[in-house]
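Here is the structure we will look at.
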Amino acid sequence: MKKRQPKQIALLLTVALLTVIAFGCSVANEPNEPTQAHTDEVVALPTETPDDQASEQPALTDEPAVTDAPTAAPTPTQKPGRDPDSAVDVTFGADDVLKYFTGGNFVKAELIDDADYGRTVRLVTTQKSGDPFISFNYKSYMTAHKLTPASASEYKVVILKIRQENCSSTQTEIFYYAGNMYGAAGGYSKTSAFDNSDPDWQYIIFDLSASNGWSGTINGFRFDYMFTANAAGEGFVLGELILVKSMDDVSPYIGGTGEDLHALSAADQKRAEQLINGATDAAPAVSNTKQTAAHEDSDIDLWFNHSYVKTPEGSTKSSGMYTYQVRLAKNEIEGVQLLLASKKAKSGLTLELTPFTDSNGNTLKAVVCEGYYFDDVEGQSIVDPIPELEGAFDLKSGKSKTFLIKVYTEKTTKPGQYSATVSVKDGSGNEVKKALVYAYVWNFALPDASNCKIQADLSWWNIYSANPPWTYAGDDGVGYARYYEFLLENKVNAYNLPYMDSNKDNANPFPDPKVNKYLNDPRVQCFNPVGYGTDHVTQARVQNAYNYLSQNPEWLKKAYFYPVDEPQNQGMLDNLISLGNLIKSIWGTRYKLIAPMHLNGALDSKSTSDFFSYVSGVVNVWCPKTYFFNTLADYKNDPKLMFQYYTAMLEKNLGTFADRMAAEQAGGDEVWWYVTRFPHHPEITLSISDPEVEHRLLFWQQKLYNVDGFLYYMVNDWWLDTIWGSKHETNNAYPYNVYGNGVLVYNGFKDANGDPYISREHYDEVADKSFYAYPVGSLRLESVRDGAEDYDYFTLLDQLYGEGTSDLIIKQITTSLGNYSDDDALFNSLRIAVGNLIAAKN
């Protein structure tokens with residue numbers, strides 16, 4: 001039974017962007033000795049919303065902000081970090097240190113006696129302020145004490161070791177001055193956060209590796225140590241200023257061990273190896289011998305590669321695979337890439353594929369797609385859209401070209417080996433290249449209803465806005481249905497069903513019985529019964545949706561309400577609870593409510609509740625961003641991981657996030673997750689720039705973490721002026737650098753006969769208006785579908801060999817969100833082993 005949390009959230013922690021990692025109790029270091037990392041300290045990370053507006057202030061001076069100075073203090077010390085070549089530490093114990101804190105804005109600096117450092121500086125507010133700050137003249141401080149100021153060109157990460165006292169805010173910011181800069185300026189700052197519920201030492205990390213102006217000798221910093229202060233007496237005790245060369249050097253300071261905390265035990269690893277090595281491969285071996293065409297063209301090279309590999313157009317190095325054996329189950333789609341490269345430009349080529357045929361004459365459906373390149377992806381030309389091959393094509397001199405052969409099976413497909421021949425012909429019809437390709441079908445079938453539910457928005461408006469008026473004039477929703485069914489074939493359920501009425505002003509969401517076709521389709525596993533958004537959740541729409549769907553209990557099971565997206569504050573959380581209670585009052589226990597969460601924070605001064613616990617009375621389909629599953633120990637080993645919104649104090653008091661979600665599942669709830677522009681590397685998103693195997697590995701990780709579903713915010717969030725573009729979005733302040741976010745399908749066209757006609761642009765120049773729009777897939781959508789199918793493989797494996805068996809296989813290539821291998825050959829061998837293990841028991 002879930003407990004409802006108090007209706008009011010403590011004001012001191014309503015800041016949404018809480019990005020802190022807390023460690024626990026205090027430390028005791030000898031004064032001026034190198035500080036050791038402890039498991040009782042706090043680490044804070046950059047937030048997603050930096051404030052780069054600097055207040056007016058003079059350049060750095062030597063005038064002190066205050067002159068409090070108790071007893072004599074030691075001189076400052078520049079201490080080596082754990083690796084003297086990669087870090088320096090600066091303490092604040094000099095008896096003249098206050099001279100170098102200047103320009104305080106409702107902040108004073110004072111020397112205090114400290115149990116850990118003997119003597120150090122405390123920054124403290126003098127009154128309530130909307131922008132408390134004070135500057136530290138780092139260069140002058142170092143030079144005056146015959147120490148060499150560090151170079152921003154070499155040291156890219158700033159770490160502050162602090163202890164907060166009575167702080168009402170959780171946000172902190174530094175303005176940095178280096179090279180020819182000597183004062184604060186907008187655009188030259190970095191935000192982070194701290195845990196104002198923890199009284200012990202914390203580390204706050206500022207990664208400036210991609211920050212403007214961070215080069216040359218470091219001159220100083222302005223510490224905007226709180227965005228706001230509610231009263232006098234809110235302070236930071238400064239322990240150390242630590243400079244390291246990269247984020248890779250941070251881990252030793254925060255207690256990282258470098259060990260893989262999720263690796264299999266020796267006994268489990270032995271069992272995994274026995275399983276993998278004992279998986280009998282019933283597929284016939286195939287020769288890798290090159291075939292010779294009747295009119296062989298030595299200028300052209302032909303080879304195959306896995307479907308989850310991206311080969312840049314500028315790469316002409318062969319994989320060495322001159323034939324290929326696709327492995328797939330019944331009721332599955334799996335592909336293989338065919339690549340061509342030529343020493344000389346070629347034009348008017350065609351590609352033909354014979355049917356995949358077995359020894360009894362049975363055949364498989366296959367489709368050949370042509371890779372379309374974006375030439376601006378991290379300096380390379382990379383494939384993402386894969387329209388169906390439209391006939392003749394050209395080869396550029398010294399470039400490669402990617403094709404994708406997609407093989408389809410059904411539940412009734414006969415198992416065994418199928419073969420096909422690929423022929424490349426010149427403009428005269430002469431065969432100039434030839435290759436054999438095979439498909440081996442295992443004797444088991446994947447379910448229609450995948451064990452991995454996937455849901456995403458399919459924007460009706462974007463579809464219709466992307467096409468000329470005549471394409472959809474009076475089509476009665478057929479165009480949307482065409483896109484919907486394409487996604488359905490690829491294991492993705494759109495939020496809204498075709499022929500639903502998603503107009504919030506209409507009381508009945510189901511006016512057209514044509515919707516029943518989709519409600520009865522076993523592949524349809526989830527949809528929003530009233531439409532997306534808070535204004536769609538009205539008494540009438542919720543009631544009418546229930547009345548219609550309750551005709552069939554199976555329809556009710558597929559309904560997922562999604563009333564509030566990414567709640568960020570108390571008002572949004574309370575609105576979610578209010579709407580959830582409305583839904584619950586009508587649907588009773590039969591409702592499902594999903595709530596994507598990308599932010600979190602402690603809701604009391606002792607970190608005993610948070611955003612998730614606050615809404616536990618209404619949410620029963622949990623949907624955090626993937627990074628919530630990182631633990632403090634994960635982060636300490638790799639500070640590049642995102643641990644922003646689940647502090648160590650929350651972890652200590654409430655348990656790891658994974659354990660909390662497991663408890664929710666045990667109580668009958670579902671757990672999903674999602675990605676967008678975040679998280680950032682090394683965690684996986686769906687950016688075009690990533691190695692393609694990672695997009696498939698994301699679903700292996702989903703199975704590893706026992707997550708039920710995957711949410712993606714949209715599949716056609718095109719920029720309408722460049723629908724066929726890489727959609728590059730970057731922001732160094734956050735940071736993110738992604739391609740194709742929210743775009744997994746592209747807009748193509750077919751003629752009246754259903755043949756590909758115009759795949760990309762210039763449709764307004766065509767006289768014949770009889771063509772219609774259709775969706776074009778992408779390599780990333782292929783990986784999403786294949787990832788869901790892999791998830792089904794692992795589910796079958798666990799059913800046949802015992803729960804947890806899949807973990808033994810998955811952990812050969814990924815053990816956690818940030819620990820994985822991009823080795824596509826290893827991935828392929830593991831997938832084949834899983835298929836063989838399942839087939840052995842069928």
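Residues in the structure tokens are named by chain (A, B, ... in the order shown) and by number from 1 within that chain; ligands are numbered from 1 in the order shown.
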Q: Within 12 Å of A:Trp719, counting only C-alpha atoms, which residues show up once you throw out same-chain ones fewer than 2 positions away? Write them as an MDAnalysis selection string, please.
A: chainID A and resid 462:463 465:466 716:717 721:729 740:743 746:747
Selection export as a compact mmCIF listing (two decimals), in the first residue's frame, atoms kept: N, CA and C atoms:
```txt
# COMPACT_ATOMS: atom_id res chain seq x y z
N ASN A 462 3.04 17.92 -37.31
CA ASN A 462 4.30 17.89 -38.06
C ASN A 462 4.16 17.12 -39.37
N ILE A 463 3.38 16.05 -39.35
CA ILE A 463 3.16 15.30 -40.59
C ILE A 463 2.48 16.18 -41.63
N SER A 465 2.12 19.45 -41.70
CA SER A 465 2.86 20.66 -42.01
C SER A 465 4.02 20.38 -42.95
N ALA A 466 4.50 19.15 -42.95
CA ALA A 466 5.66 18.81 -43.76
C ALA A 466 5.30 18.48 -45.20
N ASN A 716 9.01 12.46 -34.79
CA ASN A 716 9.04 13.32 -35.97
C ASN A 716 9.08 14.80 -35.58
N ASP A 717 9.95 15.11 -34.66
CA ASP A 717 10.13 16.50 -34.23
C ASP A 717 11.09 17.20 -35.20
N ASP A 721 12.09 23.40 -41.95
CA ASP A 721 12.86 23.91 -43.07
C ASP A 721 13.96 22.95 -43.51
N THR A 722 14.29 21.98 -42.65
CA THR A 722 15.32 20.98 -43.00
C THR A 722 14.90 19.63 -42.43
N ILE A 723 13.80 19.09 -42.96
CA ILE A 723 13.31 17.81 -42.46
C ILE A 723 14.38 16.72 -42.64
N TRP A 724 15.02 16.75 -43.81
CA TRP A 724 16.09 15.79 -44.05
C TRP A 724 17.41 16.43 -43.65
N GLY A 725 17.59 16.58 -42.37
CA GLY A 725 18.81 17.18 -41.84
C GLY A 725 19.20 16.51 -40.54
N SER A 726 20.41 16.75 -40.08
CA SER A 726 20.93 16.05 -38.90
C SER A 726 20.42 16.64 -37.59
N LYS A 727 19.73 17.78 -37.64
CA LYS A 727 19.18 18.43 -36.45
C LYS A 727 20.20 18.47 -35.32
N HIS A 728 21.24 19.24 -35.54
CA HIS A 728 22.32 19.36 -34.57
C HIS A 728 21.94 20.38 -33.51
N GLU A 729 21.95 19.97 -32.26
CA GLU A 729 21.68 20.85 -31.13
C GLU A 729 22.86 20.78 -30.16
N GLY A 740 19.79 14.75 -34.22
CA GLY A 740 18.58 13.97 -34.49
C GLY A 740 17.70 13.71 -33.29
N ASN A 741 17.81 14.52 -32.24
CA ASN A 741 16.97 14.31 -31.07
C ASN A 741 15.50 14.46 -31.44
N GLY A 742 14.71 13.44 -31.13
CA GLY A 742 13.28 13.47 -31.41
C GLY A 742 12.91 13.18 -32.85
N VAL A 743 13.88 12.72 -33.66
CA VAL A 743 13.59 12.40 -35.07
C VAL A 743 14.09 10.98 -35.35
N TYR A 746 11.58 10.01 -41.08
CA TYR A 746 11.65 11.15 -41.99
C TYR A 746 10.46 11.08 -42.94
N ASN A 747 10.21 12.18 -43.64
CA ASN A 747 9.05 12.27 -44.50
C ASN A 747 9.42 11.95 -45.94
```
Q: Would you list the contacts of A:Val621 as a PyMOL selection string, taking every protein, DNA or RNA residue within 6 Å and counting only C-alpha atoms, but skipping same-chain residues closer than 5 positions in sequence?
A: chain A and resi 593-594+669-671
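One finds atom CA of A:Ser550 at 11.6 Å from atom CA of A:Ile586.
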**Q.** All strand (DSSP E) residues (DSSP, backbone) inside stretch 143-306 of chain A, as a PyMOL selection string
**A.** chain A and resi 157-165+171-178+189-193+202-207+218-224+235-244+300-306
Any chance you can output those residues with N, CA and C atoms as a compact mmCIF listing (two decimals), in the first residue's frame?
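Output contents, as saved in part-v1.txt:
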```txt
# COMPACT_ATOMS: atom_id res chain seq x y z
N VAL A 157 39.13 21.42 -14.84
CA VAL A 157 38.05 21.17 -13.88
C VAL A 157 38.39 21.83 -12.56
N VAL A 158 37.43 22.57 -12.01
CA VAL A 158 37.58 23.23 -10.71
C VAL A 158 36.71 22.48 -9.70
N ILE A 159 37.31 22.14 -8.57
CA ILE A 159 36.57 21.46 -7.50
C ILE A 159 36.67 22.31 -6.25
N LEU A 160 35.56 22.61 -5.65
CA LEU A 160 35.54 23.29 -4.36
C LEU A 160 35.13 22.31 -3.28
N LYS A 161 35.94 22.22 -2.25
CA LYS A 161 35.55 21.44 -1.08
C LYS A 161 35.00 22.42 -0.06
N ILE A 162 33.71 22.24 0.26
CA ILE A 162 33.04 23.21 1.13
C ILE A 162 32.21 22.50 2.19
N ARG A 163 31.84 23.27 3.20
CA ARG A 163 30.86 22.80 4.19
C ARG A 163 29.82 23.92 4.33
N GLN A 164 28.58 23.61 4.03
CA GLN A 164 27.55 24.65 4.06
C GLN A 164 27.00 24.82 5.48
N GLU A 165 26.59 26.04 5.78
CA GLU A 165 26.00 26.33 7.09
C GLU A 165 24.74 27.16 6.90
N GLN A 171 21.66 26.22 -5.12
CA GLN A 171 22.37 26.55 -6.34
C GLN A 171 23.65 27.34 -6.04
N THR A 172 24.69 27.04 -6.78
CA THR A 172 25.94 27.79 -6.66
C THR A 172 26.50 28.02 -8.04
N GLU A 173 27.33 29.06 -8.16
CA GLU A 173 27.87 29.44 -9.45
C GLU A 173 29.24 30.06 -9.25
N ILE A 174 30.15 29.81 -10.19
CA ILE A 174 31.42 30.54 -10.20
C ILE A 174 31.55 31.29 -11.51
N PHE A 175 31.98 32.54 -11.40
CA PHE A 175 32.46 33.28 -12.56
C PHE A 175 33.97 33.16 -12.54
N TYR A 176 34.55 32.87 -13.68
CA TYR A 176 35.98 32.63 -13.74
C TYR A 176 36.67 33.69 -14.59
N TYR A 177 37.91 34.01 -14.21
CA TYR A 177 38.69 34.99 -14.96
C TYR A 177 40.03 34.35 -15.25
N ALA A 178 40.39 34.32 -16.50
CA ALA A 178 41.66 33.73 -16.92
C ALA A 178 42.19 34.50 -18.13
N SER A 189 30.76 31.74 -16.84
CA SER A 189 30.42 31.19 -15.53
C SER A 189 29.97 29.76 -15.68
N LYS A 190 29.86 29.09 -14.56
CA LYS A 190 29.40 27.70 -14.55
C LYS A 190 28.59 27.50 -13.28
N THR A 191 27.44 26.88 -13.41
CA THR A 191 26.61 26.60 -12.25
C THR A 191 26.76 25.16 -11.79
N SER A 192 26.51 24.96 -10.53
CA SER A 192 26.48 23.62 -9.96
C SER A 192 25.54 23.71 -8.77
N ALA A 193 25.62 22.81 -7.85
CA ALA A 193 24.72 22.83 -6.70
C ALA A 193 25.36 22.11 -5.54
N GLN A 202 31.54 18.75 1.43
CA GLN A 202 31.04 18.40 0.11
C GLN A 202 32.07 18.82 -0.95
N TYR A 203 32.07 18.10 -2.04
CA TYR A 203 32.83 18.52 -3.21
C TYR A 203 31.85 19.05 -4.25
N ILE A 204 32.11 20.23 -4.78
CA ILE A 204 31.31 20.80 -5.86
C ILE A 204 32.19 20.87 -7.10
N ILE A 205 31.72 20.30 -8.18
CA ILE A 205 32.55 20.13 -9.38
C ILE A 205 32.06 21.06 -10.49
N PHE A 206 33.00 21.78 -11.10
CA PHE A 206 32.73 22.65 -12.23
C PHE A 206 33.61 22.19 -13.39
N ASP A 207 33.00 21.58 -14.38
CA ASP A 207 33.73 21.12 -15.56
C ASP A 207 33.78 22.27 -16.57
N ILE A 218 45.15 31.42 -14.69
CA ILE A 218 43.94 31.65 -13.90
C ILE A 218 44.15 32.87 -13.03
N ASN A 219 43.28 33.87 -13.17
CA ASN A 219 43.40 35.09 -12.38
C ASN A 219 42.54 35.06 -11.13
N GLY A 220 41.33 34.56 -11.24
CA GLY A 220 40.48 34.54 -10.06
C GLY A 220 39.10 34.01 -10.34
N PHE A 221 38.29 34.06 -9.29
CA PHE A 221 36.93 33.55 -9.35
C PHE A 221 36.01 34.48 -8.58
N ARG A 222 34.79 34.55 -9.00
CA ARG A 222 33.75 35.15 -8.17
C ARG A 222 32.86 34.03 -7.70
N PHE A 223 32.75 33.89 -6.39
CA PHE A 223 31.93 32.84 -5.81
C PHE A 223 30.51 33.37 -5.58
N ASP A 224 29.59 33.04 -6.47
CA ASP A 224 28.16 33.30 -6.24
C ASP A 224 27.63 32.05 -5.55
N GLY A 235 26.22 30.41 5.11
CA GLY A 235 27.62 30.42 4.75
C GLY A 235 28.18 29.17 4.12
N PHE A 236 29.36 29.37 3.54
CA PHE A 236 30.22 28.32 3.02
C PHE A 236 31.52 28.35 3.79
N VAL A 237 31.92 27.23 4.36
CA VAL A 237 33.28 27.09 4.88
C VAL A 237 34.11 26.49 3.75
N LEU A 238 35.21 27.17 3.38
CA LEU A 238 36.05 26.71 2.28
C LEU A 238 37.14 25.79 2.81
N GLY A 239 37.18 24.58 2.28
CA GLY A 239 38.24 23.65 2.66
C GLY A 239 39.40 23.71 1.69
N GLU A 240 39.13 23.49 0.42
CA GLU A 240 40.18 23.51 -0.59
C GLU A 240 39.61 23.96 -1.94
N LEU A 241 40.48 24.54 -2.73
CA LEU A 241 40.24 24.79 -4.15
C LEU A 241 41.15 23.83 -4.90
N ILE A 242 40.55 22.93 -5.65
CA ILE A 242 41.30 21.85 -6.30
C ILE A 242 41.16 22.02 -7.81
N LEU A 243 42.26 21.95 -8.51
CA LEU A 243 42.27 22.07 -9.96
C LEU A 243 42.81 20.78 -10.54
N VAL A 244 42.04 20.17 -11.45
CA VAL A 244 42.48 18.94 -12.09
C VAL A 244 42.37 19.10 -13.59
N ILE A 300 35.41 -1.39 -58.14
CA ILE A 300 34.39 -1.39 -57.08
C ILE A 300 34.69 -2.50 -56.07
N ASP A 301 34.58 -2.14 -54.81
CA ASP A 301 34.69 -3.14 -53.74
C ASP A 301 33.32 -3.31 -53.10
N LEU A 302 33.01 -4.53 -52.68
CA LEU A 302 31.73 -4.85 -52.06
C LEU A 302 32.00 -5.65 -50.79
N TRP A 303 31.32 -5.27 -49.72
CA TRP A 303 31.42 -6.04 -48.48
C TRP A 303 30.15 -5.84 -47.65
N PHE A 304 30.02 -6.66 -46.61
CA PHE A 304 28.88 -6.58 -45.71
C PHE A 304 29.33 -6.10 -44.33
N ASN A 305 28.34 -5.65 -43.55
CA ASN A 305 28.60 -5.34 -42.15
C ASN A 305 27.29 -5.49 -41.37
N HIS A 306 27.44 -5.50 -40.05
CA HIS A 306 26.27 -5.65 -39.19
C HIS A 306 25.35 -4.44 -39.37
```
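Minimum distance to A:Thr730 across A:Glu259, A:Glu378, A:Asp790, A:Asp448 (counting only C-alpha atoms) occurs at A:Glu378.
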Q | Shell around A:Gly668 at 12 Å using only C-alpha atoms, local window under 3 positions removed, as an MDAnalysis selection string | A | chainID A and resid 1:2 589:590 592 619:622 661:665 671 708
**Q.** Distance query A:Asp822 at most 8 Å, only C-alpha atoms, self and fewer than 6 positions along chain excluded, as a VMD selection string
**A.** chain A and resid 691 693 to 694
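The spacing separating atom CA of A:Trp461 from atom CA of A:Val745 amounts to 14.6 Å.
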Q.
When you count only C-alpha atoms, which of these residues is closest to A:Leu404: A:Val441, A:Ala788, A:Val124, A:Leu340?
A. A:Leu340
(Q) With only C-alpha atoms as the counted atoms, please give the residues lying no more than 7 Å from A:Val707, apart from itself and same-chain residues fewer than 2 positions off, as a PyMOL selection string. (A) chain A and resi 671-672+702-703+705+709
Q | Selection: 7 Å around A:Val615, only C-alpha atoms, excl. self and same-chain fewer than 4 positions, as an NGL selection string | A | :A and (573 or 577 or 611 or 619)
Using the selection just defined, write its residues with all heavy atoms as a PDB file, in the first residue's frame.
```pdb
ATOM      1  N   LEU A 573       3.791  19.152  -9.333  1.00  0.00           N
ATOM      2  CA  LEU A 573       3.576  17.895  -8.610  1.00  0.00           C
ATOM      3  C   LEU A 573       2.154  17.834  -8.048  1.00  0.00           C
ATOM      4  O   LEU A 573       1.484  16.797  -8.126  1.00  0.00           O
ATOM      5  CB  LEU A 573       4.600  17.757  -7.488  1.00  0.00           C
ATOM      6  CG  LEU A 573       6.053  17.529  -7.908  1.00  0.00           C
ATOM      7  CD1 LEU A 573       6.981  17.672  -6.705  1.00  0.00           C
ATOM      8  CD2 LEU A 573       6.237  16.159  -8.550  1.00  0.00           C
ATOM      9  N   ILE A 577      -0.948  15.224  -8.906  1.00  0.00           N
ATOM     10  CA  ILE A 577      -1.737  14.509  -7.904  1.00  0.00           C
ATOM     11  C   ILE A 577      -3.230  14.776  -8.097  1.00  0.00           C
ATOM     12  O   ILE A 577      -4.064  13.858  -8.035  1.00  0.00           O
ATOM     13  CB  ILE A 577      -1.289  14.915  -6.488  1.00  0.00           C
ATOM     14  CG1 ILE A 577       0.125  14.393  -6.213  1.00  0.00           C
ATOM     15  CG2 ILE A 577      -2.266  14.403  -5.431  1.00  0.00           C
ATOM     16  CD1 ILE A 577       0.732  14.904  -4.922  1.00  0.00           C
ATOM     17  N   PHE A 611      10.630  13.966  -4.874  1.00  0.00           N
ATOM     18  CA  PHE A 611       9.569  14.111  -5.853  1.00  0.00           C
ATOM     19  C   PHE A 611       8.831  12.789  -6.063  1.00  0.00           C
ATOM     20  O   PHE A 611       7.607  12.765  -6.214  1.00  0.00           O
ATOM     21  CB  PHE A 611      10.147  14.561  -7.203  1.00  0.00           C
ATOM     22  CG  PHE A 611      10.559  16.013  -7.276  1.00  0.00           C
ATOM     23  CD1 PHE A 611      10.819  16.753  -6.138  1.00  0.00           C
ATOM     24  CD2 PHE A 611      10.694  16.632  -8.503  1.00  0.00           C
ATOM     25  CE1 PHE A 611      11.215  18.074  -6.205  1.00  0.00           C
ATOM     26  CE2 PHE A 611      11.076  17.961  -8.601  1.00  0.00           C
ATOM     27  CZ  PHE A 611      11.333  18.685  -7.445  1.00  0.00           C
ATOM     28  N   VAL A 619       0.860   7.952  -9.092  1.00  0.00           N
ATOM     29  CA  VAL A 619       1.671   7.409 -10.183  1.00  0.00           C
ATOM     30  C   VAL A 619       1.840   5.908  -9.990  1.00  0.00           C
ATOM     31  O   VAL A 619       2.201   5.446  -8.907  1.00  0.00           O
ATOM     32  CB  VAL A 619       3.057   8.087 -10.232  1.00  0.00           C
ATOM     33  CG1 VAL A 619       3.962   7.396 -11.253  1.00  0.00           C
ATOM     34  CG2 VAL A 619       2.911   9.565 -10.581  1.00  0.00           C
TER      35      VAL A 619
END
```
Q: Output as JSON, numbers by chain all residues of stretch 628-777 of chain A that backbone DSSP marks as alpha helix (DSSP H).
A: {"A": [632, 633, 634, 635, 636, 637, 648, 649, 650, 651, 652, 653, 654, 657, 658, 659, 660, 661, 662, 663, 664, 665, 666, 692, 693, 694, 695, 696, 697, 698, 699, 700, 701, 702, 703, 704]}
Output N, CA and C atoms for every residue in that selection, as a compact mmCIF listing (two decimals), in the first residue's frame.
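Printed below is result_31.txt as written:
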```txt
# COMPACT_ATOMS: atom_id res chain seq x y z
N LEU A 632 25.63 6.28 -6.13
CA LEU A 632 26.74 7.09 -5.65
C LEU A 632 28.06 6.40 -5.95
N ALA A 633 28.11 5.09 -5.73
CA ALA A 633 29.34 4.35 -6.00
C ALA A 633 29.70 4.39 -7.48
N ASP A 634 28.69 4.32 -8.35
CA ASP A 634 28.95 4.44 -9.79
C ASP A 634 29.57 5.80 -10.09
N TYR A 635 28.98 6.84 -9.52
CA TYR A 635 29.46 8.19 -9.79
C TYR A 635 30.89 8.40 -9.26
N LYS A 636 31.16 7.88 -8.10
CA LYS A 636 32.50 8.06 -7.53
C LYS A 636 33.56 7.41 -8.42
N ASN A 637 33.18 6.33 -9.08
CA ASN A 637 34.11 5.68 -10.00
C ASN A 637 34.21 6.40 -11.33
N ALA A 648 23.25 11.56 -2.39
CA ALA A 648 23.67 10.44 -1.56
C ALA A 648 22.88 10.36 -0.27
N MET A 649 22.42 11.50 0.22
CA MET A 649 21.58 11.45 1.42
C MET A 649 20.24 10.80 1.12
N LEU A 650 19.68 11.07 -0.07
CA LEU A 650 18.46 10.37 -0.47
C LEU A 650 18.73 8.88 -0.62
N GLU A 651 19.87 8.57 -1.22
CA GLU A 651 20.22 7.16 -1.39
C GLU A 651 20.40 6.49 -0.04
N LYS A 652 21.02 7.20 0.89
CA LYS A 652 21.24 6.64 2.23
C LYS A 652 19.92 6.43 2.96
N ASN A 653 19.02 7.40 2.85
CA ASN A 653 17.77 7.34 3.62
C ASN A 653 16.68 6.53 2.95
N LEU A 654 16.65 6.55 1.61
CA LEU A 654 15.55 5.92 0.89
C LEU A 654 15.97 4.68 0.11
N PHE A 657 18.09 4.08 -6.14
CA PHE A 657 16.91 4.28 -6.96
C PHE A 657 16.43 2.96 -7.56
N ALA A 658 17.37 2.13 -7.98
CA ALA A 658 17.00 0.82 -8.54
C ALA A 658 16.23 -0.02 -7.53
N ASP A 659 16.67 0.01 -6.28
CA ASP A 659 15.96 -0.76 -5.24
C ASP A 659 14.56 -0.20 -5.00
N ARG A 660 14.44 1.12 -5.06
CA ARG A 660 13.12 1.72 -4.87
C ARG A 660 12.17 1.32 -6.00
N MET A 661 12.68 1.34 -7.22
CA MET A 661 11.83 0.96 -8.34
C MET A 661 11.47 -0.53 -8.29
N ALA A 662 12.39 -1.35 -7.83
CA ALA A 662 12.09 -2.78 -7.68
C ALA A 662 10.96 -2.98 -6.67
N ALA A 663 10.96 -2.17 -5.63
CA ALA A 663 9.89 -2.27 -4.64
C ALA A 663 8.56 -1.84 -5.23
N GLU A 664 8.57 -0.82 -6.08
CA GLU A 664 7.34 -0.40 -6.75
C GLU A 664 6.82 -1.51 -7.67
N GLN A 665 7.73 -2.16 -8.38
CA GLN A 665 7.32 -3.27 -9.25
C GLN A 665 6.73 -4.42 -8.44
N ALA A 666 7.34 -4.67 -7.30
CA ALA A 666 6.83 -5.75 -6.44
C ALA A 666 5.42 -5.45 -5.96
N GLU A 692 26.42 3.15 -33.61
CA GLU A 692 25.06 2.63 -33.72
C GLU A 692 24.79 1.48 -32.75
N VAL A 693 25.78 0.69 -32.45
CA VAL A 693 25.57 -0.44 -31.55
C VAL A 693 25.10 0.03 -30.17
N GLU A 694 25.46 1.27 -29.79
CA GLU A 694 25.04 1.78 -28.48
C GLU A 694 23.53 1.89 -28.39
N HIS A 695 22.88 2.26 -29.49
CA HIS A 695 21.43 2.42 -29.46
C HIS A 695 20.74 1.08 -29.21
N ARG A 696 21.35 0.03 -29.65
CA ARG A 696 20.81 -1.30 -29.38
C ARG A 696 21.18 -1.75 -27.97
N LEU A 697 22.39 -1.38 -27.54
CA LEU A 697 22.83 -1.73 -26.19
C LEU A 697 21.96 -1.08 -25.12
N LEU A 698 21.38 0.06 -25.44
CA LEU A 698 20.52 0.74 -24.46
C LEU A 698 19.39 -0.19 -24.01
N PHE A 699 18.91 -1.02 -24.91
CA PHE A 699 17.82 -1.93 -24.55
C PHE A 699 18.34 -3.16 -23.82
N TRP A 700 19.59 -3.51 -24.02
CA TRP A 700 20.21 -4.54 -23.19
C TRP A 700 20.35 -4.02 -21.76
N GLN A 701 20.72 -2.75 -21.63
CA GLN A 701 20.79 -2.14 -20.31
C GLN A 701 19.41 -2.07 -19.67
N GLN A 702 18.40 -1.79 -20.49
CA GLN A 702 17.03 -1.75 -19.95
C GLN A 702 16.66 -3.09 -19.35
N LYS A 703 17.00 -4.17 -20.03
CA LYS A 703 16.73 -5.50 -19.49
C LYS A 703 17.56 -5.75 -18.23
N LEU A 704 18.80 -5.31 -18.25
CA LEU A 704 19.69 -5.51 -17.10
C LEU A 704 19.12 -4.84 -15.85
```
Q: May I have the residues within 10 Å of A:Ser168 as a list in words, using only C-alpha atoms and disregarding those fewer than 3 positions away in the same chain?
A: Leu11, Leu12, Leu13, Gln164, Glu165, Gln171, Asn196, Ser197, Met226, Phe227, Thr228, Ala229, Asn230, Ala231, Glu234 and Gly235 of chain A
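Distances to A:Met247 were evaluated for A:Leu208, A:Cys623, A:Leu488, A:Leu549 using only C-alpha atoms, and the minimum falls at A:Leu208.
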**Q.** Among listed residues A:Pro199, A:Asp260, A:Trp460, A:Ala825, nearest A:Ser319 (using only C-alpha atoms)
**A.** A:Ala825
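One distance worth recording is that between atom CA of A:Tyr225 and atom CA of A:Lys139, which is 19.9 Å.
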